>>> print(open('coords_37.pdb').read())   # PDB, C-alpha atoms
ATOM      1  CA  MET K   1      37.475  -4.432 -15.967
ATOM      2  CA  GLY K   2      34.887  -1.570 -15.857
ATOM      3  CA  THR K   3      37.281   1.367 -16.246
ATOM      4  CA  GLU K   4      39.277  -0.359 -18.974
ATOM      5  CA  GLU K   5      38.234  -0.865 -22.549
ATOM      6  CA  LEU K   6      37.293  -4.427 -23.399
ATOM      7  CA  PRO K   7      39.488  -5.919 -26.127
ATOM      8  CA  GLY K   8      37.728  -5.804 -29.493
ATOM      9  CA  LEU K   9      34.982  -3.399 -28.405
ATOM     10  CA  VAL K  10      34.331  -0.421 -30.645
ATOM     11  CA  ARG K  11      34.108   2.655 -28.400
ATOM     12  CA  ASP K  12      33.613   5.316 -31.077
ATOM     13  CA  GLU K  13      29.809   5.456 -31.273
ATOM     14  CA  SER K  14      29.930   7.905 -34.177
ATOM     15  CA  LYS K  15      31.294   5.166 -36.468
ATOM     16  CA  GLN K  16      28.641   2.558 -35.772
ATOM     17  CA  ARG K  17      24.935   2.234 -36.441
ATOM     18  CA  ARG K  18      22.666   2.393 -33.401
ATOM     19  CA  LEU K  19      21.494  -1.018 -32.328
ATOM     20  CA  LYS K  20      17.833  -1.943 -32.247
ATOM     21  CA  ILE K  21      17.182  -3.630 -28.914
ATOM     22  CA  GLY K  22      13.935  -5.412 -28.045
ATOM     23  CA  ILE K  23      13.087  -6.106 -24.416
ATOM     24  CA  VAL K  24      10.718  -9.007 -23.744
ATOM     25  CA  GLY K  25       9.237  -8.334 -20.311
ATOM     26  CA  PHE K  26       8.958  -4.580 -19.807
ATOM     27  CA  GLY K  27       8.489  -4.680 -16.039
ATOM     28  CA  ASN K  28      10.630  -2.949 -13.423
ATOM     29  CA  PHE K  29      13.908  -4.515 -14.524
ATOM     30  CA  GLY K  30      13.185  -4.168 -18.238
ATOM     31  CA  GLN K  31      12.390  -0.490 -17.783
ATOM     32  CA  PHE K  32      15.493  -0.071 -15.632
ATOM     33  CA  LEU K  33      17.678  -1.361 -18.480
ATOM     34  CA  ALA K  34      15.784   0.632 -21.114
ATOM     35  CA  LYS K  35      16.509   3.940 -19.348
ATOM     36  CA  THR K  36      20.215   3.408 -20.026
ATOM     37  CA  PHE K  37      19.923   1.601 -23.345
ATOM     38  CA  VAL K  38      18.106   4.537 -25.010
ATOM     39  CA  LYS K  39      21.356   6.496 -24.828
ATOM     40  CA  TYR K  40      22.974   3.984 -27.171
ATOM     41  CA  ALA K  41      20.189   2.228 -29.068
ATOM     42  CA  ASP K  42      16.610   2.293 -30.296
ATOM     43  CA  VAL K  43      14.615   0.403 -27.691
ATOM     44  CA  TYR K  44      11.377  -1.563 -28.111
ATOM     45  CA  GLY K  45       9.493  -3.154 -25.236
ATOM     46  CA  ILE K  46       6.821  -5.843 -25.111
ATOM     47  CA  ASN K  47       4.793  -6.896 -22.100
ATOM     48  CA  ARG K  48       1.535  -8.602 -21.154
ATOM     49  CA  SER K  49       0.256  -5.627 -19.151
ATOM     50  CA  ASP K  50       0.180  -2.130 -20.589
ATOM     51  CA  LYS K  51       3.468  -0.282 -20.077
ATOM     52  CA  SER K  52       2.973   2.233 -22.869
ATOM     53  CA  ASN K  53       3.137   5.284 -20.586
ATOM     54  CA  ALA K  54       6.362   4.102 -18.951
ATOM     55  CA  ALA K  55       7.863   3.358 -22.377
ATOM     56  CA  LYS K  56       6.932   6.809 -23.659
ATOM     57  CA  GLN K  57       8.572   8.509 -20.681
ATOM     58  CA  ILE K  58      11.743   6.468 -21.211
ATOM     59  CA  GLY K  59      11.863   7.078 -24.945
ATOM     60  CA  ALA K  60      11.095   3.499 -26.017
ATOM     61  CA  LYS K  61       8.354   2.094 -28.213
ATOM     62  CA  PHE K  62       5.889  -0.318 -26.583
ATOM     63  CA  TYR K  63       3.993  -3.344 -27.903
ATOM     64  CA  PRO K  64       1.439  -5.519 -26.084
ATOM     65  CA  SER K  65       2.192  -9.235 -25.960
ATOM     66  CA  TYR K  66      -0.441 -10.105 -28.539
ATOM     67  CA  ASP K  67       1.342  -7.870 -31.060
ATOM     68  CA  VAL K  68       4.584  -9.839 -31.095
ATOM     69  CA  ALA K  69       4.568  -9.965 -34.899
ATOM     70  CA  ASN K  70       4.865  -6.175 -35.228
ATOM     71  CA  PHE K  71       7.375  -6.137 -32.374
ATOM     72  CA  LEU K  72       9.652  -8.424 -34.392
ATOM     73  CA  LYS K  73       9.130  -6.483 -37.626
ATOM     74  CA  ASN K  74      11.492  -3.821 -36.280
ATOM     75  CA  ASN K  75      14.442  -5.925 -37.496
ATOM     76  CA  LEU K  76      15.816  -6.156 -33.988
ATOM     77  CA  ASP K  77      19.556  -6.685 -33.608
ATOM     78  CA  VAL K  78      19.277  -7.791 -29.994
ATOM     79  CA  ILE K  79      16.408  -9.304 -28.025
ATOM     80  CA  ILE K  80      16.766  -9.337 -24.248
ATOM     81  CA  MET K  81      14.639 -11.746 -22.230
ATOM     82  CA  CYS K  82      13.724  -9.833 -19.041
ATOM     83  CA  THR K  83      11.409 -12.479 -17.640
ATOM     84  CA  SER K  84      11.422 -14.446 -14.411
ATOM     85  CA  VAL K  85      13.471 -17.634 -14.289
ATOM     86  CA  ILE K  86      10.317 -19.714 -13.949
ATOM     87  CA  SER K  87       8.609 -18.215 -17.006
ATOM     88  CA  PHE K  88      11.727 -17.936 -19.172
ATOM     89  CA  GLU K  89      11.203 -21.048 -21.276
ATOM     90  CA  GLN K  90       7.500 -20.323 -21.740
ATOM     91  CA  MET K  91       8.083 -16.707 -22.792
ATOM     92  CA  LEU K  92      10.864 -17.696 -25.188
ATOM     93  CA  GLY K  93       8.416 -20.151 -26.749
ATOM     94  CA  THR K  94       6.045 -17.291 -27.646
ATOM     95  CA  LEU K  95       8.588 -15.855 -30.085
ATOM     96  CA  PRO K  96       8.448 -17.292 -33.628
ATOM     97  CA  LYS K  97      11.758 -19.086 -34.081
ATOM     98  CA  ASP K  98      11.993 -18.368 -37.800
ATOM     99  CA  GLN K  99      12.049 -14.644 -37.016
ATOM    100  CA  LEU K 100      14.930 -15.016 -34.558
ATOM    101  CA  ARG K 101      17.458 -16.032 -37.199
ATOM    102  CA  ASP K 102      20.515 -13.784 -37.395
ATOM    103  CA  CYS K 103      19.512 -12.137 -34.137
ATOM    104  CA  LEU K 104      21.367 -11.914 -30.805
ATOM    105  CA  LEU K 105      19.349 -13.433 -27.927
ATOM    106  CA  VAL K 106      20.363 -12.261 -24.461
ATOM    107  CA  ASP K 107      19.137 -13.378 -21.056
ATOM    108  CA  VAL K 108      19.645 -11.508 -17.770
ATOM    109  CA  LEU K 109      18.607 -14.225 -15.332
ATOM    110  CA  SER K 110      20.154 -14.885 -11.918
ATOM    111  CA  VAL K 111      21.021 -18.446 -12.971
ATOM    112  CA  LYS K 112      22.917 -19.221 -16.132
ATOM    113  CA  MET K 113      22.941 -22.907 -17.024
ATOM    114  CA  HIS K 114      19.148 -23.076 -17.282
ATOM    115  CA  PRO K 115      18.714 -20.339 -19.908
ATOM    116  CA  LYS K 116      21.816 -21.514 -21.756
ATOM    117  CA  GLU K 117      20.419 -25.034 -22.126
ATOM    118  CA  VAL K 118      16.951 -23.777 -23.098
ATOM    119  CA  MET K 119      18.301 -21.412 -25.769
ATOM    120  CA  MET K 120      20.790 -23.924 -27.147
ATOM    121  CA  THR K 121      18.066 -26.524 -27.651
ATOM    122  CA  SER K 122      15.212 -24.301 -28.842
ATOM    123  CA  LEU K 123      16.787 -21.553 -30.964
ATOM    124  CA  PRO K 124      17.906 -21.873 -34.591
ATOM    125  CA  PRO K 125      21.667 -22.423 -35.098
ATOM    126  CA  SER K 126      21.922 -19.008 -36.750
ATOM    127  CA  THR K 127      20.703 -17.250 -33.598
ATOM    128  CA  ASP K 128      23.542 -15.865 -31.510
ATOM    129  CA  ILE K 129      23.356 -16.495 -27.762
ATOM    130  CA  LEU K 130      24.764 -14.299 -25.007
ATOM    131  CA  CYS K 131      24.121 -15.287 -21.380
ATOM    132  CA  THR K 132      24.474 -12.398 -18.949
ATOM    133  CA  HIS K 133      23.846 -11.543 -15.310
ATOM    134  CA  PRO K 134      23.888  -7.895 -14.242
ATOM    135  CA  MET K 135      24.803  -8.209 -10.560
ATOM    136  CA  PHE K 136      22.659  -5.193  -9.702
ATOM    137  CA  GLY K 137      19.148  -3.905 -10.111
ATOM    138  CA  PRO K 138      16.891  -0.834 -10.001
ATOM    139  CA  GLU K 139      17.901   0.006  -6.429
ATOM    140  CA  SER K 140      21.655  -0.643  -6.404
ATOM    141  CA  GLY K 141      22.047   0.771  -9.924
ATOM    142  CA  LYS K 142      19.620   3.666  -9.533
ATOM    143  CA  TYR K 143      22.190   6.434  -9.895
ATOM    144  CA  SER K 144      25.097   4.746 -11.659
ATOM    145  CA  TRP K 145      26.322   1.396 -12.961
ATOM    146  CA  GLN K 146      29.952   2.312 -12.338
ATOM    147  CA  GLY K 147      31.866  -0.436 -10.552
ATOM    148  CA  LEU K 148      28.889  -2.827 -10.574
ATOM    149  CA  SER K 149      29.609  -6.326 -11.891
ATOM    150  CA  PHE K 150      28.253  -7.515 -15.215
ATOM    151  CA  VAL K 151      28.843 -11.221 -15.859
ATOM    152  CA  PHE K 152      28.593 -12.562 -19.402
ATOM    153  CA  ASP K 153      29.297 -15.684 -21.430
ATOM    154  CA  LYS K 154      29.514 -15.633 -25.236
ATOM    155  CA  VAL K 155      27.803 -18.976 -25.667
ATOM    156  CA  ARG K 156      27.363 -18.851 -29.444
ATOM    157  CA  ILE K 157      28.455 -15.785 -31.395
ATOM    158  CA  SER K 158      28.663 -15.666 -35.204
ATOM    159  CA  ASN K 159      28.524 -11.877 -35.349
ATOM    160  CA  PRO K 160      31.189 -10.673 -32.869
ATOM    161  CA  LYS K 161      30.900  -7.028 -33.947
ATOM    162  CA  ARG K 162      27.232  -6.902 -32.921
ATOM    163  CA  ALA K 163      27.904  -8.704 -29.649
ATOM    164  CA  ASP K 164      30.798  -6.377 -28.831
ATOM    165  CA  GLN K 165      28.695  -3.327 -29.637
ATOM    166  CA  PHE K 166      26.038  -4.531 -27.201
ATOM    167  CA  LEU K 167      28.635  -5.290 -24.519
ATOM    168  CA  SER K 168      30.169  -1.860 -25.060
ATOM    169  CA  ILE K 169      26.997  -0.335 -23.586
ATOM    170  CA  TRP K 170      27.775  -1.913 -20.235
ATOM    171  CA  ASP K 171      31.451  -1.096 -20.558
ATOM    172  CA  SER K 172      30.656   2.537 -21.418
ATOM    173  CA  GLU K 173      28.586   2.731 -18.239
ATOM    174  CA  ARG K 174      31.754   1.624 -16.385
ATOM    175  CA  CYS K 175      30.452  -1.746 -15.255
ATOM    176  CA  LYS K 176      32.974  -4.263 -13.982
ATOM    177  CA  MET K 177      32.993  -6.619 -16.972
ATOM    178  CA  VAL K 178      33.395 -10.256 -15.913
ATOM    179  CA  GLU K 179      33.521 -12.883 -18.664
ATOM    180  CA  MET K 180      32.767 -16.252 -17.094
ATOM    181  CA  PRO K 181      31.385 -19.638 -18.215
ATOM    182  CA  CYS K 182      27.789 -20.288 -17.199
ATOM    183  CA  GLU K 183      28.841 -23.393 -15.264
ATOM    184  CA  LEU K 184      31.297 -21.469 -13.109
ATOM    185  CA  HIS K 185      28.796 -18.661 -12.541
ATOM    186  CA  ASP K 186      26.240 -21.074 -11.108
ATOM    187  CA  GLU K 187      28.860 -22.732  -8.932
ATOM    188  CA  TYR K 188      29.811 -19.368  -7.470
ATOM    189  CA  ALA K 189      26.190 -18.197  -7.213
ATOM    190  CA  ALA K 190      25.149 -21.243  -5.180
ATOM    191  CA  ASN K 191      27.728 -20.313  -2.542
ATOM    192  CA  SER K 192      26.962 -16.605  -2.608
ATOM    193  CA  GLN K 193      23.599 -15.514  -3.981
ATOM    194  CA  PHE K 194      21.568 -18.617  -3.079
ATOM    195  CA  ILE K 195      23.033 -18.993   0.405
ATOM    196  CA  THR K 196      22.473 -15.269   1.042
ATOM    197  CA  HIS K 197      18.793 -15.594   0.167
ATOM    198  CA  LEU K 198      18.561 -18.876   2.066
ATOM    199  CA  MET K 199      19.967 -17.422   5.287
ATOM    200  CA  GLY K 200      17.789 -14.336   4.907
ATOM    201  CA  ARG K 201      14.688 -16.514   4.556
ATOM    202  CA  ILE K 202      15.654 -18.744   7.501
ATOM    203  CA  LEU K 203      16.370 -15.796   9.791
ATOM    204  CA  GLY K 204      13.191 -14.126   8.576
ATOM    205  CA  GLN K 205      11.231 -17.079  10.013
ATOM    206  CA  GLN K 206      12.685 -16.296  13.454
ATOM    207  CA  GLY K 207      10.639 -13.111  13.711
ATOM    208  CA  LEU K 208      13.718 -11.019  14.529
ATOM    209  CA  ARG K 209      12.992  -7.425  15.573
ATOM    210  CA  ARG K 210      15.094  -4.330  16.185
ATOM    211  CA  THR K 211      15.854  -3.490  19.821
ATOM    212  CA  PRO K 212      17.403  -0.472  21.623
ATOM    213  CA  ILE K 213      20.663  -2.418  22.185
ATOM    214  CA  ASP K 214      21.318  -3.818  18.694
ATOM    215  CA  THR K 215      24.953  -4.379  17.750
ATOM    216  CA  LYS K 216      26.251  -3.520  14.281
ATOM    217  CA  GLY K 217      26.412  -7.230  13.526
ATOM    218  CA  PHE K 218      22.729  -7.700  14.398
ATOM    219  CA  GLU K 219      21.803  -4.643  12.331
ATOM    220  CA  ASN K 220      23.543  -6.288   9.369
ATOM    221  CA  VAL K 221      21.543  -9.467  10.012
ATOM    222  CA  LEU K 222      18.267  -7.511  10.004
ATOM    223  CA  ASN K 223      19.294  -5.716   6.810
ATOM    224  CA  LEU K 224      19.954  -9.098   5.197
ATOM    225  CA  VAL K 225      16.503 -10.346   6.254
ATOM    226  CA  GLU K 226      14.767  -7.214   4.989
ATOM    227  CA  THR K 227      16.623  -7.189   1.676
ATOM    228  CA  THR K 228      16.111 -10.858   0.803
ATOM    229  CA  CYS K 229      12.518 -11.103   2.004
ATOM    230  CA  LEU K 230      11.529  -8.119  -0.152
ATOM    231  CA  ASP K 231      12.285 -10.273  -3.203
ATOM    232  CA  SER K 232       9.580 -12.656  -4.325
ATOM    233  CA  PHE K 233       9.589 -16.258  -3.148
ATOM    234  CA  ASP K 234       9.553 -17.235  -6.833
ATOM    235  CA  LEU K 235      13.015 -15.684  -7.222
ATOM    236  CA  PHE K 236      14.303 -17.570  -4.194
ATOM    237  CA  TYR K 237      12.771 -20.809  -5.461
ATOM    238  CA  SER K 238      14.317 -20.233  -8.886
ATOM    239  CA  LEU K 239      17.788 -19.839  -7.366
ATOM    240  CA  TYR K 240      17.290 -23.292  -5.845
ATOM    241  CA  LYS K 241      15.359 -25.065  -8.592
ATOM    242  CA  TYR K 242      17.382 -23.938 -11.604
ATOM    243  CA  ASN K 243      20.889 -24.140 -10.160
ATOM    244  CA  VAL K 244      22.191 -27.691  -9.915
ATOM    245  CA  ASN K 245      24.680 -26.592  -7.233
ATOM    246  CA  SER K 246      22.051 -25.304  -4.804
ATOM    247  CA  GLU K 247      21.107 -28.744  -3.468
ATOM    248  CA  GLU K 248      24.733 -29.370  -2.514
ATOM    249  CA  THR K 249      24.876 -25.968  -0.805
ATOM    250  CA  LEU K 250      21.733 -26.839   1.155
ATOM    251  CA  ARG K 251      23.196 -30.209   2.171
ATOM    252  CA  LYS K 252      26.427 -28.603   3.376
ATOM    253  CA  LEU K 253      24.423 -26.065   5.364
ATOM    254  CA  ARG K 254      22.537 -28.865   7.144
ATOM    255  CA  GLU K 255      25.842 -30.600   7.928
ATOM    256  CA  SER K 256      27.370 -27.353   9.172
ATOM    257  CA  PHE K 257      24.383 -26.688  11.424
ATOM    258  CA  ALA K 258      24.640 -30.196  12.885
ATOM    259  CA  LEU K 259      28.414 -29.763  13.367
ATOM    260  CA  VAL K 260      27.940 -26.508  15.294
ATOM    261  CA  GLU K 261      25.333 -28.218  17.482
ATOM    262  CA  ARG K 262      27.803 -31.031  18.187
ATOM    263  CA  GLN K 263      30.526 -28.513  19.031
ATOM    264  CA  ILE K 264      28.207 -26.810  21.521
ATOM    265  CA  ALA K 265      27.291 -30.178  23.093
ATOM    266  CA  ALA K 266      30.981 -31.165  23.286
ATOM    267  CA  LYS K 267      31.852 -27.895  25.012
ATOM    268  CA  GLU K 268      29.017 -28.388  27.493
ATOM    269  CA  ALA K 269      30.241 -31.926  28.254
ATOM    270  CA  TYR K 270      33.824 -30.714  28.672
ATOM    271  CA  ILE K 271      32.832 -27.973  31.118
ATOM    272  CA  ALA K 272      30.667 -30.410  33.094
ATOM    273  CA  ALA K 273      33.517 -32.956  33.252
ATOM    274  CA  ARG K 274      36.006 -30.302  34.418
ATOM    275  CA  ALA K 275      33.576 -29.207  37.109
ATOM    276  CA  GLU K 276      33.103 -32.800  38.256
ATOM    277  CA  ILE K 277      36.870 -33.400  38.395
ATOM    278  CA  ALA K 278      37.373 -30.160  40.342
ATOM    279  CA  MET K 279      34.655 -31.215  42.795
ATOM    280  CA  ASP K 280      36.294 -34.613  43.288
ATOM    281  CA  GLU K 281      39.657 -32.937  43.934
ATOM    282  CA  ARG K 282      38.105 -30.598  46.493
ATOM    283  CA  THR K 283      36.426 -33.513  48.224
ATOM    284  CA  ASN K 284      39.703 -35.436  48.402
ATOM    285  CA  LEU K 285      41.511 -32.370  49.743
ATOM    286  CA  LEU K 286      38.888 -31.847  52.444
ATOM    287  CA  GLU K 287      39.139 -35.499  53.441
ATOM    288  CA  GLU K 288      42.922 -35.201  53.733
ATOM    289  CA  CYS K 289      42.599 -32.016  55.814
ATOM    290  CA  ARG K 290      40.149 -33.724  58.156
ATOM    291  CA  ALA K 291      42.492 -36.674  58.512
ATOM    292  CA  ILE K 292      45.457 -34.363  59.276
ATOM    293  CA  ILE K 293      43.450 -32.437  61.870
ATOM    294  CA  LYS K 294      42.327 -35.647  63.564
ATOM    295  CA  GLU K 295      45.905 -36.886  63.594
ATOM    296  CA  ALA K 296      47.110 -33.569  65.026
ATOM    297  CA  LEU K 297      44.511 -33.609  67.773
ATOM    298  CA  ALA K 298      45.353 -37.170  68.699
ATOM    299  CA  THR K 299      49.113 -36.461  68.727
ATOM    300  CA  SER K 300      48.748 -33.259  70.760
ATOM    301  CA  THR K 301      46.893 -35.150  73.430
ATOM    302  CA  LEU K 302      49.678 -37.706  73.690
ATOM    303  CA  GLN K 303      52.674 -35.338  73.369
ATOM    304  CA  GLY K 304      51.227 -32.199  74.988
ATOM    305  CA  ALA K 305      52.024 -30.093  71.910
ATOM    306  CA  THR K 306      49.723 -27.410  70.583
ATOM    307  CA  SER K 307      47.377 -28.645  67.861
ATOM    308  CA  ASP K 308      48.114 -25.583  65.623
ATOM    309  CA  ALA K 309      51.821 -26.339  65.478
ATOM    310  CA  LEU K 310      51.151 -30.002  64.716
ATOM    311  CA  VAL K 311      48.690 -29.185  61.975
ATOM    312  CA  ARG K 312      51.227 -26.889  60.333
ATOM    313  CA  LYS K 313      53.934 -29.542  60.621
ATOM    314  CA  LEU K 314      51.743 -32.297  59.194
ATOM    315  CA  LEU K 315      50.626 -30.097  56.298
ATOM    316  CA  ALA K 316      54.271 -29.204  55.562
ATOM    317  CA  ASP K 317      55.183 -32.888  55.604
ATOM    318  CA  ARG K 318      52.313 -33.578  53.218
ATOM    319  CA  LEU K 319      53.575 -30.935  50.790
ATOM    320  CA  ASP K 320      57.094 -32.355  50.984
ATOM    321  CA  GLU K 321      55.748 -35.797  50.085
ATOM    322  CA  GLU K 322      53.922 -34.367  47.066
ATOM    323  CA  GLN K 323      57.033 -32.574  45.845
ATOM    324  CA  LYS K 324      59.161 -35.708  46.202
ATOM    325  CA  LYS K 325      56.639 -37.590  44.052
ATOM    326  CA  GLY K 326      57.085 -34.925  41.353
ATOM    327  CA  GLY K 327      53.584 -33.610  41.834
ATOM    328  CA  GLN K 328      52.667 -29.959  42.273
ATOM    329  CA  PRO K 329      50.029 -28.973  44.772
ATOM    330  CA  GLN K 330      46.966 -27.723  42.972
ATOM    331  CA  GLN K 331      45.920 -24.132  43.509
ATOM    332  CA  GLU K 332      42.772 -22.456  42.384
ATOM    333  CA  GLN K 333      42.672 -19.016  40.857
ATOM    334  CA  GLN K 334      39.937 -16.492  41.402
ATOM    335  CA  GLY K 335      40.065 -12.938  40.109
ATOM    336  CA  GLY K 336      43.820 -13.283  39.509
ATOM    337  CA  LYS K 337      44.484 -14.297  43.160
ATOM    338  CA  GLN K 338      45.219 -17.698  44.694
ATOM    339  CA  VAL K 339      42.467 -19.045  46.911
TER     340      VAL K 339
END
>>> encode(input="coords_37.pdb", output="structure tokens")
Amino acid sequence: MGTEELPGLVRDESKQRRLKIGIVGFGNFGQFLAKTFVKYADVYGINRSDKSNAAKQIGAKFYPSYDVANFLKNNLDVIIMCTSVISFEQMLGTLPKDQLRDCLLVDVLSVKMHPKEVMMTSLPPSTDILCTHPMFGPESGKYSWQGLSFVFDKVRISNPKRADQFLSIWDSERCKMVEMPCELHDEYAANSQFITHLMGRILGQQGLRRTPIDTKGFENVLNLVETTCLDSFDLFYSLYKYNVNSEETLRKLRESFALVERQIAAKEAYIAARAEIAMDERTNLLEECRAIIKEALATSTLQGATSDALVRKLLADRLDEEQKKGGQPQQEQQGGKQV
């Protein structure tokens, strides 16, 4: 959607109270989101390492991890979990569940079924759950979010006005709003995001280097390697470990690799067989020519005719016999000419 208003979203900010958004995990991605969120909401960040200077520059308030009680005393409307996939469940467990009632919990992980299951089983029934995946980051969204995909699934929403107000932030920034079930997201991601990282990692092991004669295609390959290998291995592992579809993608890739190898071997065998057949045909032709020449020489001795004329006559007779049998004399082509 992006350039269109989402149904049910309130776009007149003057008529609504500013949201209070807490960001658990105020690292690079958390700060990246906060820089935009402060235009629409009061933002509070919490992190294990000190990010107070970064928060001050952004216009957010910072809390260290040990001060989670005061962090939650801000009566937060929305809490966004900006953690790694691996640490998501652990970090969610550090938040007192009784203080998450009547709050909207949001994740921004690259996989969706894992956080959905964790939140559904560990959060109070009164806690709203919104699973999201911004399909961009600090680099691709550095200057604008316009046209960049934002995937979301309203897993459990009892307060639709609050959820819509939060989603309106992304819509106001002209994101391409894609509402999609978590299950379908992971199915798509296994065949796009995971396989992209997988191929980048595999090609990265080849030690590929730029050369003076690189094609555009090879430059794209190197860009893929550089982009994926800059991400942590933990992210790559998470895309595999926490997406049930990734194992199937890996299996299909193995099968596809084996199939391509078989196709190459089959082509090699075909070319070798054609070459062997052509060699046999040449050998047979030479044998026939020798036989005709011997016959011509013998006949010329008996009849006193020139051997050249006899050879031509015998070859013509041989061609006539082939044509009567319905066969066509074989001719070889080289450089567009008959040889």
>>> closest_residue(input="coords_37.pdb", among="K:Met279, K:Ile86, K:Cys103, K:Met135", to="Tyr237 (chain K)", atoms="all atoms listed in the file")
K:Ile86
>>> closest_atom_pairs(input="coords_37.pdb", of="region 87-140 of chain K", to="region 176-184 of chain K", cutoff="8 Å", atoms="only C-alpha atoms", output="Markdown table")
| residue | atom | partner | partner_atom | distance |
| --- | --- | --- | --- | --- |
| K:Lys112 | CA | K:Cys182 | CA | 5.1 |
| K:Met113 | CA | K:Cys182 | CA | 5.5 |
| K:Lys116 | CA | K:Cys182 | CA | 7.6 |
| K:Cys131 | CA | K:Cys182 | CA | 7.5 |
>>> resolve_selection(input="coords_37.pdb", expression="the PyMOL selection byres ((chain K and resi 80) around 8)", output="ChimeraX atom specification")
/K:21-24,78-79,81-82,105-108
>>> atom_distance(input="coords_37.pdb", atom1="CA of Phe29 (chain K)", atom2="CA of Gln146 (chain K)")
17.6 Å
>>> atom_distance(input="coords_37.pdb", atom1="CA of Ala190 (chain K)", atom2="CA of Thr121 (chain K)")
24.1 Å
>>> residues_around(input="coords_37.pdb", residues="region 62-76 of chain K", least_positions_apart="2", cutoff="6 Å", atoms="all atoms listed in the file", output="JSON, numbers by chain")
{"K": [20, 21, 44, 45, 46, 47, 48, 52, 55, 78]}
